[in-house]
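Source file: input_10.cif; contents: mmCIF, C-alpha atoms.
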data_coords
loop_
_atom_site.label_atom_id
_atom_site.label_comp_id
_atom_site.auth_asym_id
_atom_site.auth_seq_id
_atom_site.Cartn_x
_atom_site.Cartn_y
_atom_site.Cartn_z
CA MET Q 914 174.60 78.57 262.52
CA ALA Q 915 174.50 80.16 259.08
CA LEU Q 916 175.34 78.27 255.90
CA ILE Q 917 177.35 79.99 253.21
CA ASP Q 918 176.22 78.45 249.89
CA LYS Q 919 178.94 79.80 247.67
CA GLN Q 920 182.62 79.27 247.85
CA LEU Q 921 184.50 81.94 249.68
CA LYS Q 922 187.37 83.61 247.95
CA THR Q 923 189.53 82.74 250.91
CA TYR Q 924 188.96 79.07 250.14
CA ILE Q 925 190.91 78.10 247.04
CA LEU Q 926 190.23 74.83 245.25
CA ARG Q 927 193.15 73.14 243.60
CA VAL Q 928 192.40 70.12 241.46
CA CYS Q 929 195.62 68.21 240.97
CA ALA Q 930 196.63 68.08 237.34
CA ALA Q 931 197.41 64.76 235.70
CA GLY Q 932 200.97 63.70 236.18
CA LEU Q 933 201.71 66.39 238.75
CA ALA Q 934 205.17 65.40 239.90
CA ALA Q 935 204.99 67.55 243.02
CA THR Q 936 202.49 65.18 244.56
CA LEU Q 937 204.82 62.20 244.41
CA ALA Q 938 207.12 61.18 247.20
CA ALA Q 939 210.80 61.70 246.71
CA CYS Q 940 211.35 57.97 246.94
CA GLY Q 941 209.29 57.67 243.73
CA GLY Q 942 209.01 54.58 241.62
CA GLY Q 943 206.70 51.64 241.98
CA SER Q 944 206.68 48.04 242.96
CA GLY Q 945 207.58 46.84 239.52
CA SER Q 946 204.09 45.54 238.79
CA GLY Q 947 204.14 46.97 235.27
CA SER Q 948 200.70 48.60 235.60
CA THR Q 949 200.51 52.37 235.40
CA SER Q 950 198.30 54.67 237.43
CA ALA Q 951 195.65 56.74 235.69
CA ASN Q 952 197.70 59.91 235.85
CA GLY Q 953 200.55 58.19 234.01
CA SER Q 954 203.08 58.95 236.72
CA GLN Q 955 203.91 56.07 239.05
CA PRO Q 956 203.15 52.41 238.41
CA LEU Q 957 200.35 50.91 240.45
CA THR Q 958 201.62 49.06 243.49
CA GLY Q 959 199.87 45.82 242.58
CA LEU Q 960 199.37 45.13 246.29
CA LYS Q 961 196.36 43.05 247.36
CA LYS Q 962 196.02 44.52 250.85
CA ARG Q 963 197.11 48.14 250.99
CA VAL Q 964 197.60 50.44 253.94
CA LEU Q 965 198.30 54.15 253.64
CA LEU Q 966 200.60 55.65 256.27
CA SER Q 967 201.02 59.37 256.89
CA ASN Q 968 204.44 60.68 257.83
CA GLN Q 969 203.84 64.11 259.33
CA ALA Q 970 207.46 65.17 259.67
CA ALA Q 971 208.49 64.01 256.19
CA GLY Q 972 205.31 65.36 254.60
CA THR Q 973 204.45 62.12 252.81
CA VAL Q 974 201.76 59.47 252.55
CA ILE Q 975 203.16 56.08 251.59
CA PHE Q 976 201.84 52.60 250.82
CA VAL Q 977 202.41 49.61 253.08
CA ASP Q 978 201.98 45.99 252.03
CA ALA Q 979 199.67 44.71 254.79
CA GLN Q 980 200.15 41.09 253.76
CA LYS Q 981 203.93 41.15 254.13
CA ASP Q 982 204.27 44.10 256.57
CA GLN Q 983 206.64 45.91 254.24
CA ILE Q 984 206.94 49.55 253.18
CA ASN Q 985 206.28 50.06 249.47
CA THR Q 986 208.29 52.51 247.42
CA LYS Q 987 205.28 54.46 246.19
CA GLY Q 988 203.91 57.53 247.90
CA PHE Q 989 202.90 61.17 247.66
CA ASN Q 990 204.27 64.46 248.96
CA ILE Q 991 201.55 65.91 251.22
CA ALA Q 992 202.90 68.53 253.61
CA GLY Q 993 202.00 67.95 257.25
CA ALA Q 994 199.97 64.80 256.48
CA SER Q 995 198.26 63.61 259.68
CA LYS Q 996 194.84 61.97 260.13
CA LEU Q 997 193.66 59.57 257.42
CA LEU Q 998 190.12 58.36 256.63
CA ALA Q 999 189.00 56.11 253.79
CA ALA Q 1000 185.60 55.15 252.37
CA SER Q 1001 184.39 53.72 249.05
CA GLY Q 1002 187.66 54.13 247.19
CA ILE Q 1003 188.52 57.60 248.50
CA THR Q 1004 191.07 58.56 251.18
CA VAL Q 1005 190.98 61.96 252.86
CA VAL Q 1006 194.24 63.30 254.28
CA MET Q 1007 194.11 66.01 256.93
CA GLN Q 1008 197.15 68.26 256.81
CA GLN Q 1009 198.70 70.03 259.74
CA ALA Q 1010 200.62 72.24 257.40
CA PRO Q 1011 203.91 73.84 258.43
CA ALA Q 1012 204.17 77.58 258.97
CA GLY Q 1013 204.02 79.59 255.78
CA THR Q 1014 201.89 77.10 253.86
CA GLY Q 1015 198.14 76.95 253.49
CA PRO Q 1016 196.25 74.38 255.57
CA THR Q 1017 194.64 71.91 253.19
CA ILE Q 1018 192.65 68.71 252.82
CA GLN Q 1019 193.97 66.30 250.20
CA THR Q 1020 192.00 63.45 248.64
CA ILE Q 1021 193.45 60.31 247.06
CA ASN Q 1022 191.72 57.95 244.64
CA ASN Q 1023 192.50 54.51 246.03
CA VAL Q 1024 191.77 52.75 242.73
CA THR Q 1025 194.08 54.84 240.56
CA GLU Q 1026 196.48 55.42 243.48
CA ALA Q 1027 196.63 59.07 242.51
CA PRO Q 1028 195.91 62.38 244.32
CA THR Q 1029 192.77 64.10 243.12
CA VAL Q 1030 191.47 67.20 244.92
CA SER Q 1031 193.41 69.52 247.21
CA LEU Q 1032 191.34 72.04 249.12
CA ASP Q 1033 192.85 75.13 250.74
CA LEU Q 1034 191.03 76.10 253.92
CA ARG Q 1035 191.24 79.48 255.57
CA ASP Q 1036 192.28 77.84 258.82
CA GLN Q 1037 193.87 74.66 260.13
CA ALA Q 1038 191.61 71.58 260.26
CA PHE Q 1039 191.66 69.90 263.68
CA ASP Q 1040 189.51 66.90 262.75
CA VAL Q 1041 187.86 65.33 259.70
CA THR Q 1042 185.19 62.75 258.99
CA ILE Q 1043 183.94 61.18 255.75
CA SER Q 1044 180.65 59.70 254.51
CA THR Q 1045 180.55 55.96 253.79
CA ASP Q 1046 180.10 56.61 250.07
CA GLY Q 1047 183.31 58.63 250.12
CA LYS Q 1048 181.66 61.61 248.42
CA THR Q 1049 181.44 64.09 251.30
CA ALA Q 1050 183.97 65.05 253.94
CA TYR Q 1051 183.76 67.42 256.88
CA ALA Q 1052 186.59 69.39 258.48
CA ALA Q 1053 186.45 71.10 261.88
CA MET Q 1054 188.31 74.42 261.84
CA ARG Q 1055 188.77 75.21 265.51
CA ASN Q 1056 190.26 78.69 265.38
CA VAL Q 1057 187.50 80.18 263.20
CA GLY Q 1058 184.62 78.14 264.65
CA GLU Q 1059 183.54 76.62 261.35
CA VAL Q 1060 183.01 73.23 259.72
CA ALA Q 1061 183.85 72.87 256.04
CA VAL Q 1062 181.67 70.49 254.01
CA PHE Q 1063 183.23 69.48 250.72
CA ASN Q 1064 182.78 67.14 247.79
CA THR Q 1065 185.81 64.85 247.62
CA THR Q 1066 185.62 64.57 243.83
CA THR Q 1067 184.82 68.10 242.67
CA GLY Q 1068 185.89 70.12 245.67
CA GLY Q 1069 182.48 71.79 245.94
CA LEU Q 1070 182.44 73.60 249.27
CA GLN Q 1071 179.97 74.79 251.89
CA ILE Q 1072 180.70 76.35 255.26
CA ILE Q 1073 178.82 75.89 258.53
CA THR Q 1074 179.56 78.83 260.82
CA GLY Q 1075 178.96 79.67 264.46
CA LEU Q 1076 180.60 76.68 266.19
CA PRO Q 1077 183.10 78.20 268.67
CA VAL Q 1078 186.42 76.31 269.01
CA VAL Q 1079 184.98 73.22 267.28
CA THR Q 1080 187.65 70.53 267.53
CA ARG Q 1081 186.21 67.00 267.29
CA LEU Q 1082 183.63 65.42 264.97
CA VAL Q 1083 181.69 62.18 265.51
CA GLU Q 1084 179.48 60.95 262.66
CA GLY Q 1085 176.41 58.78 263.22
CA PRO Q 1086 176.40 55.25 261.75
CA ASN Q 1087 173.52 56.16 259.43
CA GLU Q 1088 175.08 59.52 258.51
CA HIS Q 1089 172.06 61.64 259.36
CA LYS Q 1090 173.85 63.57 262.10
CA ILE Q 1091 177.36 64.65 263.07
CA LEU Q 1092 178.13 65.70 266.62
CA ALA Q 1093 180.67 68.50 266.91
CA PHE Q 1094 182.53 69.08 270.18
CA SER Q 1095 184.34 72.22 271.29
CA ASP Q 1096 187.48 72.59 273.37
CA ASN Q 1097 185.67 74.66 275.98
CA PRO Q 1098 182.04 73.52 275.82
CA ASN Q 1099 181.10 74.89 279.24
CA THR Q 1100 181.16 78.38 277.73
CA LEU Q 1101 178.19 77.44 275.55
CA ALA Q 1102 175.78 77.58 278.47
CA ALA Q 1103 175.41 78.70 282.07
CA PRO Q 1104 178.04 77.74 284.66
CA ASN Q 1105 178.28 74.04 285.57
CA THR Q 1106 176.70 73.01 282.28
CA GLY Q 1107 178.04 72.42 278.82
CA GLY Q 1108 177.00 71.69 275.30
CA PHE Q 1109 177.77 70.28 271.89
CA PHE Q 1110 176.51 70.85 268.34
CA VAL Q 1111 174.30 68.64 266.20
CA ILE Q 1112 174.94 68.97 262.47
CA ASP Q 1113 172.14 67.80 260.17
CA THR Q 1114 173.90 66.31 257.14
CA GLY Q 1115 170.82 66.78 254.97
CA THR Q 1116 170.75 70.55 255.40
CA ASN Q 1117 174.31 71.19 256.62
CA THR Q 1118 173.02 73.28 259.49
CA ALA Q 1119 174.00 73.08 263.15
CA LYS Q 1120 172.13 73.51 266.42
CA VAL Q 1121 173.50 73.56 269.94
CA VAL Q 1122 172.47 71.11 272.67
CA VAL Q 1123 172.94 72.25 276.28
CA GLY Q 1124 171.81 70.97 279.65
CA LEU Q 1125 172.76 70.42 283.26
CA PRO Q 1126 173.89 66.75 282.85
CA LEU Q 1127 176.59 67.93 280.43
CA ASN Q 1128 179.95 68.97 281.84
CA GLN Q 1129 182.85 69.35 279.43
CA PRO Q 1130 181.32 66.93 276.89
CA PHE Q 1131 184.30 65.62 274.97
CA SER Q 1132 183.07 62.95 272.57
CA ALA Q 1133 180.22 60.52 271.94
CA VAL Q 1134 179.24 57.02 270.92
CA PHE Q 1135 176.06 56.88 268.86
CA ASP Q 1136 173.24 54.53 269.84
CA PRO Q 1137 172.98 52.14 266.86
CA ALA Q 1138 169.37 51.31 267.78
CA ASP Q 1139 168.35 54.82 266.70
CA ALA Q 1140 168.16 54.70 262.89
CA SER Q 1141 167.81 58.48 262.71
CA ASP Q 1142 171.08 59.10 264.61
CA ASN Q 1143 169.20 61.18 267.17
CA SER Q 1144 170.56 59.45 270.26
CA ALA Q 1145 174.08 59.01 271.61
CA PHE Q 1146 176.05 58.33 274.76
CA ILE Q 1147 177.83 61.60 275.55
CA LEU Q 1148 181.21 61.29 277.27
CA ASN Q 1149 181.57 64.07 279.84
CA CYS Q 1150 185.24 64.66 280.49
CA GLY Q 1151 184.37 66.77 283.54
CA THR Q 1152 187.18 67.55 285.96
CA GLU Q 1153 189.74 65.77 283.76
CA CYS Q 1154 189.29 68.59 281.24
CA GLY Q 1155 188.92 71.42 283.74
CA GLY Q 1156 185.19 71.03 284.32
CA THR Q 1157 183.39 71.41 287.62
CA LEU Q 1158 181.77 67.97 287.87
CA PRO Q 1159 183.23 64.43 287.90
CA PRO Q 1160 183.48 62.50 284.61
CA SER Q 1161 180.28 60.77 283.52
CA VAL Q 1162 178.35 59.27 280.64
CA VAL Q 1163 174.79 60.26 279.78
CA ARG Q 1164 172.52 59.09 277.00
CA VAL Q 1165 170.99 62.07 275.17
CA ASN Q 1166 168.16 62.15 272.64
CA PHE Q 1167 168.58 65.31 270.56
CA SER Q 1168 165.79 64.81 267.99
CA ASN Q 1169 164.71 68.23 269.23
CA PRO Q 1170 168.01 69.99 270.03
CA ALA Q 1171 166.19 72.85 271.74
CA ALA Q 1172 164.61 70.42 274.21
CA PRO Q 1173 166.90 67.36 274.49
CA THR Q 1174 165.99 64.37 276.62
CA PHE Q 1175 168.66 63.28 279.10
CA GLY Q 1176 168.99 59.82 280.58
CA PRO Q 1177 170.50 59.08 284.01
CA THR Q 1178 174.00 60.38 284.68
CA ILE Q 1179 176.40 57.43 284.87
CA PRO Q 1180 179.48 58.23 286.99
CA VAL Q 1181 182.82 56.91 285.69
CA SER Q 1182 186.46 57.53 286.58
CA GLY Q 1183 187.35 59.10 283.24
CA ALA Q 1184 185.62 59.62 279.90
CA THR Q 1185 187.33 60.91 276.76
CA VAL Q 1186 186.98 57.93 274.41
CA GLY Q 1187 184.49 55.11 274.07
CA LEU Q 1188 183.48 52.15 271.94
CA LEU Q 1189 180.25 50.14 271.83
CA ASN Q 1190 180.38 46.36 271.32
CA GLY Q 1191 176.93 44.82 271.65
CA THR Q 1192 175.57 46.02 274.99
CA ASN Q 1193 179.06 46.76 276.33
CA LEU Q 1194 180.10 50.40 276.20
CA PHE Q 1195 183.84 50.65 276.91
CA VAL Q 1196 184.86 54.05 278.29
CA ALA Q 1197 188.40 55.24 279.06
CA GLY Q 1198 189.96 58.35 280.54
CA THR Q 1199 192.28 59.59 283.26
CA PRO Q 1200 191.04 60.82 286.63
CA PRO Q 1201 192.43 64.29 287.47
CA ALA Q 1202 196.10 64.22 288.55
CA SER Q 1203 196.13 60.42 288.46
CA ALA Q 1204 199.23 58.36 287.72
CA THR Q 1205 197.05 55.83 285.90
CA GLY Q 1206 194.15 55.86 283.50
CA THR Q 1207 191.01 53.75 283.72
CA LEU Q 1208 188.87 51.57 281.50
CA GLN Q 1209 185.31 50.75 282.52
CA THR Q 1210 182.43 48.87 280.91
CA ILE Q 1211 178.86 50.14 280.99
CA ASN Q 1212 176.03 47.71 280.32
CA THR Q 1213 173.77 49.79 278.09
CA SER Q 1214 170.71 47.75 279.08
CA THR Q 1215 171.08 47.95 282.87
CA LEU Q 1216 173.48 50.94 283.04
CA ALA Q 1217 175.63 48.93 285.48
CA VAL Q 1218 179.28 50.05 285.53
CA SER Q 1219 182.27 47.78 286.06
CA ALA Q 1220 185.09 48.50 288.46
CA PRO Q 1221 187.95 50.49 286.87
CA THR Q 1222 190.73 48.60 285.09
CA VAL Q 1223 194.12 50.30 285.28
CA ILE Q 1224 195.61 51.44 281.97
CA THR Q 1225 198.18 54.09 281.06
CA ASN Q 1226 197.30 57.64 281.93
CA GLY Q 1227 197.31 60.55 279.50
CA HIS Q 1228 194.71 62.04 277.19
CA HIS Q 1229 192.91 59.05 275.66
CA THR Q 1230 191.55 59.58 272.14
CA LYS Q 1231 191.97 56.19 270.42
CA MET Q 1232 190.07 52.96 271.09
CA VAL Q 1233 189.82 50.03 268.66
CA LEU Q 1234 188.58 46.45 269.11
CA ALA Q 1235 190.83 43.95 267.34
CA SER Q 1236 190.90 40.18 266.88
CA ASN Q 1237 191.15 37.81 269.85
CA ASN Q 1238 188.96 40.21 271.89
CA ARG Q 1239 191.77 42.70 272.29
CA LEU Q 1240 190.89 46.30 273.00
CA TYR Q 1241 193.63 48.76 271.96
CA ILE Q 1242 193.55 52.09 273.79
CA GLY Q 1243 195.86 54.95 272.83
CA ALA Q 1244 196.62 58.23 274.56
CA ASN Q 1245 198.96 61.19 274.25
CA ALA Q 1246 200.83 63.18 276.89
CA CYS Q 1247 200.96 60.18 279.22
CA THR Q 1248 203.52 59.69 281.99
CA ALA Q 1249 206.23 57.64 280.29
CA ILE Q 1250 207.95 55.12 282.58
CA ALA Q 1251 211.53 54.43 281.54
CA ASP Q 1252 213.63 51.40 282.45
CA PRO Q 1253 217.30 52.51 282.26
CA LEU Q 1254 218.53 48.93 282.48
CA THR Q 1255 216.83 47.90 279.25
CA ASN Q 1256 216.52 51.30 277.49
CA LEU Q 1257 212.82 50.57 277.13
CA THR Q 1258 209.92 52.82 278.08
CA GLN Q 1259 206.29 52.15 278.84
CA GLY Q 1260 204.35 54.71 276.86
CA CYS Q 1261 200.75 55.56 276.03
CA LEU Q 1262 199.46 52.23 274.64
CA SER Q 1263 197.28 49.79 276.58
CA ILE Q 1264 196.07 46.41 275.30
CA VAL Q 1265 193.16 44.91 277.23
CA ASN Q 1266 191.96 41.33 276.88
CA THR Q 1267 188.21 41.85 277.23
CA THR Q 1268 187.69 38.16 278.02
CA SER Q 1269 190.23 37.69 280.81
CA GLY Q 1270 190.66 41.33 281.86
CA ALA Q 1271 194.45 41.11 281.48
CA VAL Q 1272 196.21 44.35 280.55
CA VAL Q 1273 199.49 44.77 278.65
CA MET Q 1274 201.25 48.13 278.40
CA PRO Q 1275 203.97 47.51 275.80
CA LYS Q 1276 207.43 48.95 276.24
CA VAL Q 1277 209.31 50.41 273.29
CA SER Q 1278 212.73 51.93 272.72
CA SER Q 1279 213.49 54.84 275.01
CA PHE Q 1280 215.11 56.66 272.09
CA ARG Q 1281 211.79 57.54 270.45
CA GLN Q 1282 210.89 61.21 270.10
CA ASN Q 1283 207.75 60.71 272.21
CA PHE Q 1284 205.43 57.94 273.36
CA ASP Q 1285 202.08 59.17 272.03
CA VAL Q 1286 199.71 56.85 270.17
CA THR Q 1287 198.26 58.64 267.14
CA GLY Q 1288 196.97 55.76 264.99
CA ILE Q 1289 195.61 52.23 265.56
CA LEU Q 1290 194.57 49.88 262.74
CA PRO Q 1291 193.61 46.18 262.93
CA ILE Q 1292 194.42 44.36 259.67
CA THR Q 1293 191.44 42.38 258.43
CA GLY Q 1294 191.93 38.64 257.98
CA ARG Q 1295 195.02 38.67 260.20
CA THR Q 1296 195.76 38.74 263.91
CA VAL Q 1297 197.89 41.87 263.69
CA VAL Q 1298 197.38 45.52 264.57
CA TYR Q 1299 199.34 48.46 263.16
CA VAL Q 1300 200.05 51.18 265.73
CA CYS Q 1301 201.64 54.60 265.15
CA TYR Q 1302 203.48 54.80 268.44
CA GLY Q 1303 205.90 57.62 269.19
CA GLY Q 1304 206.47 58.37 265.50
CA GLU Q 1305 207.22 54.75 264.58
CA LEU Q 1306 205.05 52.01 263.07
CA ASP Q 1307 204.74 49.03 265.41
CA ILE Q 1308 202.98 45.81 264.48
CA PHE Q 1309 201.43 43.76 267.30
CA ASP Q 1310 200.24 40.16 267.32
CA THR Q 1311 196.85 39.93 269.06
CA SER Q 1312 197.45 36.34 270.08
CA THR Q 1313 200.58 37.21 272.09
CA ASP Q 1314 200.23 40.98 272.72
CA THR Q 1315 203.82 41.42 271.58
CA ALA Q 1316 205.41 43.36 268.74
CA ILE Q 1317 206.33 41.52 265.55
CA THR Q 1318 209.85 41.83 264.18
CA THR Q 1319 209.49 42.40 260.45
CA ASN Q 1320 212.00 41.41 257.79
CA PRO Q 1321 213.31 43.84 256.75
CA PRO Q 1322 212.70 45.92 259.88
CA ILE Q 1323 210.40 48.93 259.45
CA ASP Q 1324 212.12 52.18 260.36
CA ILE Q 1325 210.15 55.37 259.84
CA VAL Q 1326 212.34 58.38 259.14
CA GLY Q 1327 210.18 61.26 260.30
CA LYS Q 1328 206.96 60.81 262.28
CA ALA Q 1329 204.43 58.10 261.51
CA PHE Q 1330 201.10 59.67 262.43
CA ASP Q 1331 198.20 57.56 261.14
CA VAL Q 1332 197.33 54.44 259.15
CA VAL Q 1333 194.26 53.47 257.13
CA LEU Q 1334 193.36 50.21 255.37
CA ILE Q 1335 192.06 50.79 251.84
CA ASP Q 1336 191.43 47.14 250.89
CA PRO Q 1337 189.10 44.60 252.59
#
Here is a file; write its structure as structure tokens.
Amino acid sequence: MALIDKQLKTYILRVCAAGLAATLAACGGGSGSGSTSANGSQPLTGLKKRVLLSNQAAGTVIFVDAQKDQINTKGFNIAGASKLLAASGITVVMQQAPAGTGPTIQTINNVTEAPTVSLDLRDQAFDVTISTDGKTAYAAMRNVGEVAVFNTTTGGLQIITGLPVVTRLVEGPNEHKILAFSDNPNTLAAPNTGGFFVIDTGTNTAKVVVGLPLNQPFSAVFDPADASDNSAFILNCGTECGGTLPPSVVRVNFSNPAAPTFGPTIPVSGATVGLLNGTNLFVAGTPPASATGTLQTINTSTLAVSAPTVITNGHHTKMVLASNNRLYIGANACTAIADPLTNLTQGCLSIVNTTSGAVVMPKVSSFRQNFDVTGILPITGRTVVYVCYGGELDIFDTSTDTAITTNPPIDIVGKAFDVVLIDP
């Protein structure tokens, strides 16, 4: 997996000039705080708890007051804005740019509330991750089989090549390793096996891990007990993703990628997303051709697996633990269940009470453009969760598992895609 140390001419760095009006949302203006951002353009919001929300259809990123659950007037024009990640005062915006425009990564300085670096990539980014110090971000470029590594302040760029159809990135808690997953990992090895890539963040080089226990490995949950980030629970999507073996979870030590150590294969009903809480590893997915999805808990000490809990079906990619022991699980392409009498539809969101085992699958207006869940964000210090659900922003109360009616009501014109909290 060769590393290109110099910037390629096909990758064009654009550092946003001070006061660049094109980066500001058409709504413009500020909150009337009187303070001015560093680039002299829009006033600072003055908000104490800020959320950034990406609107993919409108091509904007806007501020939300997470204390009052109100949309702020300030924002930025960022074409095709989708996934958001924030760390140490920096937000990275992945762009699914419309046809005819260059795919880019945009960074925002959360302190000055101003755009900083815009990086043109030679292909669309399918996933991004960011270091905890906010200085380094990684972008998976599926169609060219590369991962871009860039400095979020200067735009300095390196390219890791040789990662076919790389689509998803999972970074270790100690940031020594990043696991990169492909759309068709079974092609990386002999039939009935699969693989994934281990990126060393110190050298920005990648090595492939393959082995018989792997079958359509889709994602991973790192083992926090391994300070070197050399061990993780690999989620094998298996037959749900067109593989030849049933879904499973297997702990893999890849300190030596050429000779990985595999733990026992743990059969589960579905495995595309997971979350570790203490010794409980929550794993969700959808069995092949099933009308429902499943959530199961693996005890990481005994490897005992719970019976499946029914959740919505679909392609599960979001899982977040919120207050009141509520586990929020989001999917896309689920089977929406409409109720014509109420004009409400059960979509792709499941809320599981991990204490009682109760499951709520909230219904929303049937007039939404779709029922995919693309963003989930618990608000610290409150019992609320922001959810980008079918292009709208819904706010749920974790004590009642019901949506909150805001005043004024929040109506997203476009497609709310993701949300990120940039204040404690």
**Message:** On this structure, the PyMOL selection byres ((chain Q and resi 1139) around 12) would catch which residues? List them as a PyMOL selection string, sorted by chain and number.
**Reply:** chain Q and resi 1085-1090+1134-1138+1140-1146+1164-1168
**Message:** Taking the file as I've supplied it (selection: the PyMOL selection byres ((chain Q and resi 1260) around 9)), which residues are included? Please answer as number ranges by chain.
**Reply:** Q: 1225, 1244-1245, 1247-1251, 1258-1259, 1261-1263, 1274-1277, 1283-1286, 1302-1303
**Request:** Could you tell me how far CA of Asn1266 (chain Q) lies from CA of Asn1190 (chain Q), in Å and to one decimal?
**Result:** 13.8 Å
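Note on the selection: in this file the PyMOL selection byres ((chain Q and resi 1205) around 7) comes out as Thr1199, Ser1203, Ala1204, Gly1206, Thr1207, Val1223, Ile1224, Thr1225 and Asn1226 of chain Q.
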Any chance you can output those residues with C-alpha atoms as a short mmCIF file (atom, residue, chain, number, x, y, z; two decimals), keeping the file's coordinate frame?
data_model
loop_
_atom_site.label_atom_id
_atom_site.label_comp_id
_atom_site.auth_asym_id
_atom_site.auth_seq_id
_atom_site.Cartn_x
_atom_site.Cartn_y
_atom_site.Cartn_z
CA THR Q 1199 192.28 59.59 283.26
CA SER Q 1203 196.13 60.42 288.46
CA ALA Q 1204 199.23 58.36 287.72
CA GLY Q 1206 194.15 55.86 283.50
CA THR Q 1207 191.01 53.75 283.72
CA VAL Q 1223 194.12 50.30 285.28
CA ILE Q 1224 195.61 51.44 281.97
CA THR Q 1225 198.18 54.09 281.06
CA ASN Q 1226 197.30 57.64 281.93
#
**Message:** Quick check, in Å to one decimal: how far apart do CA of Ala1038 (chain Q) and CA of Gly1304 (chain Q) lie?
**Reply:**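 So the two atoms, CA of Ala1038 (chain Q) and CA of Gly1304 (chain Q), lie 20.6 Å apart.
Between CA of Asn1237 (chain Q) and CA of Val1272 (chain Q) there is a distance of 13.5 Å.
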**Message:** Ranking Q:Ala1235, Q:Leu998, Q:Leu957, Q:Ile1147 by minimum distance to Thr1025 (chain Q) and counting only C-alpha atoms, which one comes first?
**Reply:** Q:Leu957
**Item:** Distance criterion (all atoms listed in the file): nearest to Val1057 (chain Q) out of Q:Ile1043, Q:Ala1202, Q:Val1079, Q:Ile975
**Value:** Q:Val1079
**Item:** Non-local contacts of Val974 (chain Q) (6 Å; all atoms listed in the file; under 2 positions in same chain excluded) as JSON, numbers by chain
**Value:** {"Q": [966, 967, 988, 989]}
